[in-house]
Each structure stands twice: as structure tokens, then as C-alpha cells.
$ cat query.cif   # mmCIF, C-alpha atoms
data_upload
#
loop_
_atom_site.group_PDB
_atom_site.id
_atom_site.type_symbol
_atom_site.label_atom_id
_atom_site.label_comp_id
_atom_site.auth_asym_id
_atom_site.auth_seq_id
_atom_site.Cartn_x
_atom_site.Cartn_y
_atom_site.Cartn_z
ATOM 1 C CA MET A 282 105.556 82.531 96.516
ATOM 2 C CA ARG A 283 101.951 83.512 96.090
ATOM 3 C CA GLN A 284 100.998 86.841 97.633
ATOM 4 C CA PHE A 285 97.692 88.152 98.911
ATOM 5 C CA GLY A 286 97.056 91.436 100.646
ATOM 6 C CA VAL A 287 94.790 92.620 103.414
ATOM 7 C CA THR A 288 94.117 96.329 103.074
ATOM 8 C CA GLY A 289 91.788 98.953 104.452
ATOM 9 C CA LEU A 290 91.665 102.193 106.345
ATOM 10 C CA SER A 291 93.291 102.562 109.783
ATOM 11 C CA ASP A 292 91.574 100.570 112.532
ATOM 12 C CA SER A 293 89.420 98.644 110.052
ATOM 13 C CA GLY A 294 90.478 95.237 111.399
ATOM 14 C CA LYS A 295 93.304 94.267 109.034
ATOM 15 C CA THR A 296 95.549 92.807 111.735
ATOM 16 C CA THR A 297 92.623 90.993 113.337
ATOM 17 C CA LEU A 298 91.694 89.395 110.016
ATOM 18 C CA VAL A 299 95.295 88.314 109.342
ATOM 19 C CA CYS A 300 95.509 86.796 112.841
ATOM 20 C CA ARG A 301 92.263 84.921 112.268
ATOM 21 C CA LEU A 302 93.292 83.718 108.783
ATOM 22 C CA LEU A 303 96.694 82.367 109.802
ATOM 23 C CA PRO A 304 95.530 79.323 111.803
ATOM 24 C CA ARG A 305 92.926 78.466 109.132
ATOM 25 C CA LEU A 306 95.551 78.554 106.386
ATOM 26 C CA ARG A 307 98.062 76.623 108.497
ATOM 27 C CA ALA A 308 95.398 73.973 109.211
ATOM 28 C CA ARG A 309 95.186 73.471 105.438
ATOM 29 C CA GLY A 310 98.863 72.570 105.430
ATOM 30 C CA LEU A 311 100.126 75.862 104.058
ATOM 31 C CA ARG A 312 103.376 77.529 105.038
ATOM 32 C CA VAL A 313 102.418 81.176 105.489
ATOM 33 C CA ALA A 314 104.647 84.212 105.895
ATOM 34 C CA THR A 315 103.493 87.738 106.672
ATOM 35 C CA VAL A 316 104.650 91.259 105.867
ATOM 36 C CA LYS A 317 103.134 94.291 107.594
ATOM 37 C CA HIS A 318 103.552 97.883 106.513
ATOM 38 C CA ALA A 319 103.972 100.098 109.560
ATOM 39 C CA HIS A 320 103.477 103.565 108.155
ATOM 40 C CA HIS A 321 103.550 105.056 111.666
ATOM 41 C CA GLY A 322 106.965 103.571 112.417
ATOM 42 C CA PHE A 323 107.868 101.121 115.163
ATOM 43 C CA ASP A 324 110.677 100.306 117.560
ATOM 44 C CA LEU A 325 111.569 96.720 118.407
ATOM 45 C CA LEU A 326 114.532 97.859 120.503
ATOM 46 C CA PRO A 327 113.131 100.378 122.975
ATOM 47 C CA GLU A 328 115.405 102.057 125.478
ATOM 48 C CA GLY A 329 116.325 99.522 128.128
ATOM 49 C CA HIS A 330 116.523 96.586 125.703
ATOM 50 C CA PRO A 331 120.050 95.119 125.855
ATOM 51 C CA ALA A 332 120.617 95.615 122.107
ATOM 52 C CA HIS A 333 119.321 99.205 122.148
ATOM 53 C CA ALA A 334 122.821 100.380 122.995
ATOM 54 C CA TRP A 335 124.172 98.792 119.810
ATOM 55 C CA ARG A 336 121.809 100.824 117.674
ATOM 56 C CA ALA A 337 122.536 103.972 119.675
ATOM 57 C CA ALA A 338 126.254 103.349 119.086
ATOM 58 C CA GLY A 339 125.702 103.158 115.309
ATOM 59 C CA ALA A 340 124.983 99.529 114.368
ATOM 60 C CA ARG A 341 123.080 99.411 111.086
ATOM 61 C CA ASP A 342 122.255 95.675 111.237
ATOM 62 C CA ILE A 343 121.354 93.899 114.461
ATOM 63 C CA VAL A 344 120.595 90.182 114.688
ATOM 64 C CA LEU A 345 118.938 88.751 117.791
ATOM 65 C CA VAL A 346 118.940 84.969 118.099
ATOM 66 C CA GLY A 347 117.326 82.679 120.626
ATOM 67 C CA SER A 348 116.496 78.991 120.718
ATOM 68 C CA ASP A 349 113.072 79.596 119.144
ATOM 69 C CA ARG A 350 113.331 82.909 117.294
ATOM 70 C CA LEU A 351 115.576 85.016 115.093
ATOM 71 C CA ALA A 352 115.162 88.704 114.305
ATOM 72 C CA HIS A 353 117.175 90.752 111.855
ATOM 73 C CA LEU A 354 116.714 94.477 112.331
ATOM 74 C CA ARG A 355 118.104 96.942 109.847
ATOM 75 C CA GLU A 356 118.242 100.687 110.287
ATOM 76 C CA THR A 357 117.331 102.108 106.888
ATOM 77 C CA GLY A 358 118.372 105.655 107.711
ATOM 78 C CA ASP A 359 118.613 107.819 104.608
ATOM 79 C CA ASP A 360 117.972 104.795 102.355
ATOM 80 C CA GLY A 361 114.295 104.948 103.291
ATOM 81 C CA GLU A 362 111.773 102.171 103.090
ATOM 82 C CA PRO A 363 112.787 99.276 100.831
ATOM 83 C CA PRO A 364 110.313 98.275 98.111
ATOM 84 C CA LEU A 365 107.978 95.375 98.846
ATOM 85 C CA ASP A 366 109.500 93.111 96.190
ATOM 86 C CA ARG A 367 112.935 93.379 97.857
ATOM 87 C CA LEU A 368 111.403 92.434 101.202
ATOM 88 C CA LEU A 369 109.648 89.435 99.698
ATOM 89 C CA GLU A 370 112.958 88.201 98.257
ATOM 90 C CA ARG A 371 114.347 87.977 101.807
ATOM 91 C CA LEU A 372 111.646 85.654 103.116
ATOM 92 C CA GLU A 373 112.132 81.945 103.592
ATOM 93 C CA PRO A 374 110.137 79.889 101.068
ATOM 94 C CA ALA A 375 106.412 79.823 101.858
ATOM 95 C CA ASP A 376 103.263 78.763 100.051
ATOM 96 C CA LEU A 377 101.613 82.111 100.663
ATOM 97 C CA VAL A 378 102.600 85.547 101.917
ATOM 98 C CA LEU A 379 99.879 87.623 103.562
ATOM 99 C CA ILE A 380 100.704 91.297 103.100
ATOM 100 C CA GLU A 381 99.023 93.737 105.467
ATOM 101 C CA GLY A 382 98.824 97.330 104.346
ATOM 102 C CA TYR A 383 100.623 98.297 101.143
ATOM 103 C CA LYS A 384 97.416 99.769 99.705
ATOM 104 C CA ARG A 385 99.196 100.796 96.524
ATOM 105 C CA GLY A 386 100.953 97.465 95.965
ATOM 106 C CA GLY A 387 100.305 95.615 92.721
ATOM 107 C CA HIS A 388 99.286 92.370 94.465
ATOM 108 C CA ASP A 389 95.663 91.253 94.792
ATOM 109 C CA LYS A 390 94.028 92.069 98.104
ATOM 110 C CA ILE A 391 90.901 91.984 100.225
ATOM 111 C CA GLU A 392 89.537 95.264 101.555
ATOM 112 C CA VAL A 393 88.533 95.198 105.220
ATOM 113 C CA ARG A 394 85.704 97.519 106.296
ATOM 114 C CA ARG A 395 84.151 97.964 109.744
ATOM 115 C CA GLY A 396 81.323 100.162 110.928
ATOM 116 C CA ALA A 397 79.051 102.365 108.896
ATOM 117 C CA GLY A 398 82.046 103.519 106.863
ATOM 118 C CA GLY A 399 81.041 106.576 104.899
ATOM 119 C CA SER A 400 84.364 106.481 103.070
ATOM 120 C CA PRO A 401 84.390 105.271 99.462
ATOM 121 C CA LEU A 402 85.385 101.697 98.742
ATOM 122 C CA LEU A 403 89.082 101.293 97.974
ATOM 123 C CA ALA A 404 87.919 98.725 95.415
ATOM 124 C CA ALA A 405 86.301 101.532 93.411
ATOM 125 C CA ALA A 406 89.697 102.971 92.458
ATOM 126 C CA ASP A 407 91.887 99.870 92.802
ATOM 127 C CA PRO A 408 91.360 96.841 90.535
ATOM 128 C CA THR A 409 93.745 94.792 92.714
ATOM 129 C CA VAL A 410 91.056 94.747 95.435
ATOM 130 C CA VAL A 411 89.412 91.460 94.469
ATOM 131 C CA ALA A 412 87.209 90.947 97.547
ATOM 132 C CA ILE A 413 85.724 92.823 100.480
ATOM 133 C CA ALA A 414 85.310 91.695 104.100
ATOM 134 C CA SER A 415 82.835 93.755 106.097
ATOM 135 C CA ASP A 416 80.736 93.643 109.233
ATOM 136 C CA ARG A 417 77.840 95.292 107.334
ATOM 137 C CA PRO A 418 76.285 94.958 103.876
ATOM 138 C CA VAL A 419 78.266 96.763 101.176
ATOM 139 C CA PRO A 420 75.702 97.848 98.588
ATOM 140 C CA ALA A 421 78.280 99.968 96.723
ATOM 141 C CA ALA A 422 80.132 96.764 95.749
ATOM 142 C CA ALA A 423 77.406 95.996 93.198
ATOM 143 C CA ALA A 424 78.161 99.268 91.376
ATOM 144 C CA LEU A 425 81.886 98.585 90.858
ATOM 145 C CA GLY A 426 81.440 97.334 87.303
ATOM 146 C CA ARG A 427 83.194 94.057 88.104
ATOM 147 C CA ARG A 428 82.503 91.065 90.314
ATOM 148 C CA VAL A 429 83.913 91.652 93.781
ATOM 149 C CA PRO A 430 82.709 89.117 96.347
ATOM 150 C CA VAL A 431 81.724 90.503 99.744
ATOM 151 C CA PHE A 432 82.315 88.334 102.815
ATOM 152 C CA ASP A 433 81.069 88.734 106.338
ATOM 153 C CA ILE A 434 84.211 89.679 108.245
ATOM 154 C CA ASP A 435 83.514 86.883 110.737
ATOM 155 C CA ASP A 436 83.228 84.176 108.052
ATOM 156 C CA VAL A 437 86.950 83.526 108.208
ATOM 157 C CA ASP A 438 86.655 80.000 106.802
ATOM 158 C CA ALA A 439 84.997 81.361 103.638
ATOM 159 C CA ILE A 440 87.623 84.096 103.353
ATOM 160 C CA ALA A 441 90.416 81.523 103.760
ATOM 161 C CA SER A 442 88.821 79.344 101.068
ATOM 162 C CA PHE A 443 88.615 82.347 98.748
ATOM 163 C CA VAL A 444 92.274 83.259 99.325
ATOM 164 C CA VAL A 445 93.433 79.685 98.696
ATOM 165 C CA ALA A 446 91.364 79.380 95.500
ATOM 166 C CA HIS A 447 92.200 82.870 94.244
ATOM 167 C CA CYS A 448 95.932 82.385 94.772
ATOM 168 C CA GLY A 449 95.941 78.844 93.431
ATOM 169 C CA VAL A 450 97.889 77.460 96.365
ATOM 170 C CA ALA A 451 97.668 73.731 96.883
ATOM 171 C CA GLU A 452 96.394 72.573 100.223
ATOM 172 C CA SER A 453 98.382 69.805 101.854
ATOM 173 C CA ASP A 454 97.456 66.905 104.047
ATOM 174 C CA ALA A 455 100.849 67.203 105.755
ATOM 175 C CA PRO A 456 100.530 67.678 109.491
ATOM 176 C CA MET A 457 101.799 71.031 110.692
ATOM 177 C CA LEU A 458 104.252 71.289 113.545
ATOM 178 C CA ALA A 459 103.302 73.282 116.615
ATOM 179 C CA HIS A 460 106.107 75.762 115.903
ATOM 180 C CA GLY A 461 107.566 76.346 112.467
ATOM 181 C CA THR A 462 106.719 74.565 109.258
ATOM 182 C CA ALA A 463 106.223 70.994 108.172
#
$ encode --input "query.cif" --output "C-alpha cells"
Amino acid sequence: MRQFGVTGLSDSGKTTLVCRLLPRLRARGLRVATVKHAHHGFDLLPEGHPAHAWRAAGARDIVLVGSDRLAHLRETGDDGEPPLDRLLERLEPADLVLIEGYKRGGHDKIEVRRGAGGSPLLAAADPTVVAIASDRPVPAAAALGRRVPVFDIDDVDAIASFVVAHCGVAESDAPMLAHGTA
């Protein structure tokens, strides 16, 4: 599976860009999976959820299944966060995996920047940042010493085309189903 990351500082618009890219990539006939790093933690079984009691009672693995969705939750406890490559091995086959976060991952990525952004470009210290999406001109990109295309953050079609070409994924003429994959 080809991988491409979306990275940036907190509240830069990473999730928004992923959400805008997904339908464009799916319209090209691609099966797309996503992985999101949640460095602030999360809870999919808040108190009051029927399966919350299972976790409270000590269940390490919890599987929730419905007619249109399946979720496998694992409490990592002292094992800590599993490495990205182990997570990718667990995914169903896909043409492309969009990876949000994982700034230090070895996969190629686009840096998302919003606002005036006085912070240095991540691309300056990370050669895996191969493109930048911004809502403002990024003059510092010219001084990186390598070609890093800069896209308007709202030109999602151009960003999708870049991702497809950069990753070398073949577009398909196969019609996509409303839910799931073709």
C-alpha cells in the first residue's frame, strides 16, 4: 500500500485537508484508508457507552460490530503506542493510506500551514515533507535547497493530483460504491 502523510502544527487544518482529499481520491477510483495520530489521547467508549463496562472490568480487546461498521479497540496499557508500520499491517488492502500526524514518520508528506505562521517550515528540517499546502504565500519554501511545490490549501484537486502522481497510484475507471470499496 502506498502511503502519504498530512502533517503540520496543531490546528493547521490537517483533518480538514484529509476530509477534503478523500472524496477526490475516491472519485478517481482509489480505495483509501486513513490513520490518524492522536497525541492528546481519545476515548471511543465514554462512560455510559454499553461497552464501557467491559473496558472498566478489564477487557483488553473490544470489538463492536454493526450492519455497516466494525471497530476493534485495543487498550495498549503499559505496551504503549504501537509503531506505525505495525498499524499499517492491520489495514485491509487499499491503494493509498493517508496518514495524519506522525511528523517524524519516514513516509512522504505534505505540510499544512494556516495563518501568518511565524513558525519555521517543517520542510526545512524534514526531507520527507515533499509539498506544502498553505492559505498564504510561503516565500521560505524557495530557500529550502530543494524543489518543494506549494499549493493553495483550497486547491484540493491539484493537491489530490500531486498525491496520486507522487505516490504512483493508478487511477481507476471503476465506479465506487456509496459505502465501502469497489
$ closest_atom_pairs --input "query.cif" --of "region 426-446 of chain A" --to "region 294-302 of chain A" --cutoff "9 Å" --atoms "all atoms listed in the file" --output "JSON lines"
{"residue": "A:Ile434", "atom": "CA", "partner": "A:Leu298", "partner_atom": "CA", "distance": 7.7}
{"residue": "A:Asp435", "atom": "CA", "partner": "A:Leu298", "partner_atom": "CA", "distance": 8.6}
{"residue": "A:Val437", "atom": "CA", "partner": "A:Leu302", "partner_atom": "CA", "distance": 6.4}
{"residue": "A:Asp438", "atom": "CA", "partner": "A:Leu302", "partner_atom": "CA", "distance": 7.9}
{"residue": "A:Ile440", "atom": "CA", "partner": "A:Leu302", "partner_atom": "CA", "distance": 7.9}
{"residue": "A:Ala441", "atom": "CA", "partner": "A:Leu302", "partner_atom": "CA", "distance": 6.2}
$ residues_around --input "query.cif" --residues "region 413-429 of chain A" --least-positions-apart "3" --cutoff "6 Å" --atoms "all atoms listed in the file" --output "PyMOL selection string"
chain A and resi 391-395+405+432-434
$ closest_residue --input "query.cif" --among "A:Ile343, A:Ala439, A:Ala334, A:Leu311" --to "Ala451 (chain A)" --atoms "all atoms listed in the file"
A:Leu311
$ residues_around --input "query.cif" --residues "Arg309 (chain A)" --least-positions-apart "3" --cutoff "7 Å" --atoms "only C-alpha atoms" --output "list in words"
Arg305, Leu306, Glu452 and Ser453 of chain A
$ closest_residue --input "query.cif" --among "A:Pro401, A:Gly310, A:Gly386, A:Pro430" --to "Phe285 (chain A)" --atoms "only C-alpha atoms"
A:Gly386
$ residues_around --input "query.cif" --residues "region 374-379 of chain A" --least-positions-apart "2" --cutoff "10 Å" --atoms "only C-alpha atoms" --output "mmCIF file with C-alpha atoms, in the frame of the given file"
data_model
loop_
_atom_site.group_PDB
_atom_site.id
_atom_site.type_symbol
_atom_site.label_atom_id
_atom_site.label_comp_id
_atom_site.auth_asym_id
_atom_site.auth_seq_id
_atom_site.Cartn_x
_atom_site.Cartn_y
_atom_site.Cartn_z
ATOM 1 C CA MET A 282 105.556 82.531 96.516
ATOM 2 C CA ARG A 283 101.951 83.512 96.090
ATOM 3 C CA GLN A 284 100.998 86.841 97.633
ATOM 4 C CA PHE A 285 97.692 88.152 98.911
ATOM 5 C CA GLY A 286 97.056 91.436 100.646
ATOM 6 C CA VAL A 287 94.790 92.620 103.414
ATOM 7 C CA VAL A 299 95.295 88.314 109.342
ATOM 8 C CA LEU A 302 93.292 83.718 108.783
ATOM 9 C CA LEU A 303 96.694 82.367 109.802
ATOM 10 C CA LEU A 306 95.551 78.554 106.386
ATOM 11 C CA GLY A 310 98.863 72.570 105.430
ATOM 12 C CA LEU A 311 100.126 75.862 104.058
ATOM 13 C CA ARG A 312 103.376 77.529 105.038
ATOM 14 C CA VAL A 313 102.418 81.176 105.489
ATOM 15 C CA ALA A 314 104.647 84.212 105.895
ATOM 16 C CA THR A 315 103.493 87.738 106.672
ATOM 17 C CA VAL A 316 104.650 91.259 105.867
ATOM 18 C CA LYS A 317 103.134 94.291 107.594
ATOM 19 C CA LEU A 369 109.648 89.435 99.698
ATOM 20 C CA GLU A 370 112.958 88.201 98.257
ATOM 21 C CA ARG A 371 114.347 87.977 101.807
ATOM 22 C CA LEU A 372 111.646 85.654 103.116
ATOM 23 C CA GLU A 381 99.023 93.737 105.467
ATOM 24 C CA GLY A 382 98.824 97.330 104.346
ATOM 25 C CA LYS A 390 94.028 92.069 98.104
ATOM 26 C CA VAL A 444 92.274 83.259 99.325
ATOM 27 C CA VAL A 445 93.433 79.685 98.696
ATOM 28 C CA CYS A 448 95.932 82.385 94.772
ATOM 29 C CA GLY A 449 95.941 78.844 93.431
ATOM 30 C CA VAL A 450 97.889 77.460 96.365
ATOM 31 C CA ALA A 451 97.668 73.731 96.883
ATOM 32 C CA GLU A 452 96.394 72.573 100.223
ATOM 33 C CA THR A 462 106.719 74.565 109.258
#
$ atom_distance --input "query.cif" --atom1 "CA of Ser293 (chain A)" --atom2 "CA of Leu365 (chain A)"
21.9 Å
$ atom_distance --input "query.cif" --atom1 "CA of His447 (chain A)" --atom2 "CA of Leu368 (chain A)"
22.6 Å
$ closest_residue --input "query.cif" --among "A:Arg355, A:Ser442, A:Asp407, A:Ser291" --to "Ala319 (chain A)" --atoms "only C-alpha atoms"
A:Ser291
$ resolve_selection --input "query.cif" --expression "the PyMOL selection byres ((chain A and resi 357) around 12)" --output "PyMOL selection string"
chain A and resi 322+336+339-343+354-356+358-364
$ decode --input "query.cif" --residues "region 421-439 of chain A" --atoms "N, CA and C atoms" --output "PDB file, in the first residue's frame"
ATOM      1  N   ALA A 421       9.526  31.242   2.194  1.00  0.00           N
ATOM      2  CA  ALA A 421      10.639  30.453   2.735  1.00  0.00           C
ATOM      3  C   ALA A 421      10.828  29.143   1.981  1.00  0.00           C
ATOM      4  N   ALA A 422       9.808  28.673   1.271  1.00  0.00           N
ATOM      5  CA  ALA A 422       9.913  27.404   0.539  1.00  0.00           C
ATOM      6  C   ALA A 422      10.983  27.482  -0.545  1.00  0.00           C
ATOM      7  N   ALA A 423      11.203  28.669  -1.103  1.00  0.00           N
ATOM      8  CA  ALA A 423      12.207  28.829  -2.151  1.00  0.00           C
ATOM      9  C   ALA A 423      13.627  28.668  -1.605  1.00  0.00           C
ATOM     10  N   ALA A 424      13.807  28.836  -0.313  1.00  0.00           N
ATOM     11  CA  ALA A 424      15.143  28.768   0.292  1.00  0.00           C
ATOM     12  C   ALA A 424      15.461  27.392   0.874  1.00  0.00           C
ATOM     13  N   LEU A 425      14.657  26.384   0.580  1.00  0.00           N
ATOM     14  CA  LEU A 425      14.855  25.060   1.170  1.00  0.00           C
ATOM     15  C   LEU A 425      16.023  24.300   0.552  1.00  0.00           C
ATOM     16  N   GLY A 426      16.466  24.701  -0.612  1.00  0.00           N
ATOM     17  CA  GLY A 426      17.560  23.993  -1.269  1.00  0.00           C
ATOM     18  C   GLY A 426      17.094  22.771  -2.039  1.00  0.00           C
ATOM     19  N   ARG A 427      15.817  22.607  -2.183  1.00  0.00           N
ATOM     20  CA  ARG A 427      15.226  21.519  -2.967  1.00  0.00           C
ATOM     21  C   ARG A 427      13.859  21.986  -3.443  1.00  0.00           C
ATOM     22  N   ARG A 428      13.357  21.334  -4.469  1.00  0.00           N
ATOM     23  CA  ARG A 428      12.053  21.733  -5.018  1.00  0.00           C
ATOM     24  C   ARG A 428      10.938  21.180  -4.142  1.00  0.00           C
ATOM     25  N   VAL A 429      10.181  22.069  -3.550  1.00  0.00           N
ATOM     26  CA  VAL A 429       9.023  21.682  -2.743  1.00  0.00           C
ATOM     27  C   VAL A 429       7.835  22.492  -3.253  1.00  0.00           C
ATOM     28  N   PRO A 430       6.929  21.865  -3.994  1.00  0.00           N
ATOM     29  CA  PRO A 430       5.792  22.616  -4.516  1.00  0.00           C
ATOM     30  C   PRO A 430       4.908  23.142  -3.381  1.00  0.00           C
ATOM     31  N   VAL A 431       4.366  24.337  -3.607  1.00  0.00           N
ATOM     32  CA  VAL A 431       3.464  24.960  -2.641  1.00  0.00           C
ATOM     33  C   VAL A 431       2.099  25.078  -3.304  1.00  0.00           C
ATOM     34  N   PHE A 432       1.085  24.539  -2.651  1.00  0.00           N
ATOM     35  CA  PHE A 432      -0.287  24.566  -3.156  1.00  0.00           C
ATOM     36  C   PHE A 432      -1.142  25.484  -2.303  1.00  0.00           C
ATOM     37  N   ASP A 433      -2.098  26.131  -2.935  1.00  0.00           N
ATOM     38  CA  ASP A 433      -3.117  26.835  -2.175  1.00  0.00           C
ATOM     39  C   ASP A 433      -3.924  25.757  -1.445  1.00  0.00           C
ATOM     40  N   ILE A 434      -4.143  25.940  -0.178  1.00  0.00           N
ATOM     41  CA  ILE A 434      -4.810  24.915   0.626  1.00  0.00           C
ATOM     42  C   ILE A 434      -6.208  24.590   0.104  1.00  0.00           C
ATOM     43  N   ASP A 435      -6.814  25.524  -0.631  1.00  0.00           N
ATOM     44  CA  ASP A 435      -8.150  25.284  -1.168  1.00  0.00           C
ATOM     45  C   ASP A 435      -8.140  24.649  -2.557  1.00  0.00           C
ATOM     46  N   ASP A 436      -6.963  24.460  -3.138  1.00  0.00           N
ATOM     47  CA  ASP A 436      -6.867  23.818  -4.458  1.00  0.00           C
ATOM     48  C   ASP A 436      -6.720  22.305  -4.248  1.00  0.00           C
ATOM     49  N   VAL A 437      -7.773  21.722  -3.724  1.00  0.00           N
ATOM     50  CA  VAL A 437      -7.745  20.319  -3.327  1.00  0.00           C
ATOM     51  C   VAL A 437      -7.582  19.399  -4.531  1.00  0.00           C
ATOM     52  N   ASP A 438      -8.129  19.776  -5.674  1.00  0.00           N
ATOM     53  CA  ASP A 438      -7.956  18.947  -6.872  1.00  0.00           C
ATOM     54  C   ASP A 438      -6.481  18.863  -7.258  1.00  0.00           C
ATOM     55  N   ALA A 439      -5.769  19.985  -7.200  1.00  0.00           N
ATOM     56  CA  ALA A 439      -4.335  19.984  -7.527  1.00  0.00           C
ATOM     57  C   ALA A 439      -3.548  19.171  -6.499  1.00  0.00           C
TER      58      ALA A 439
END
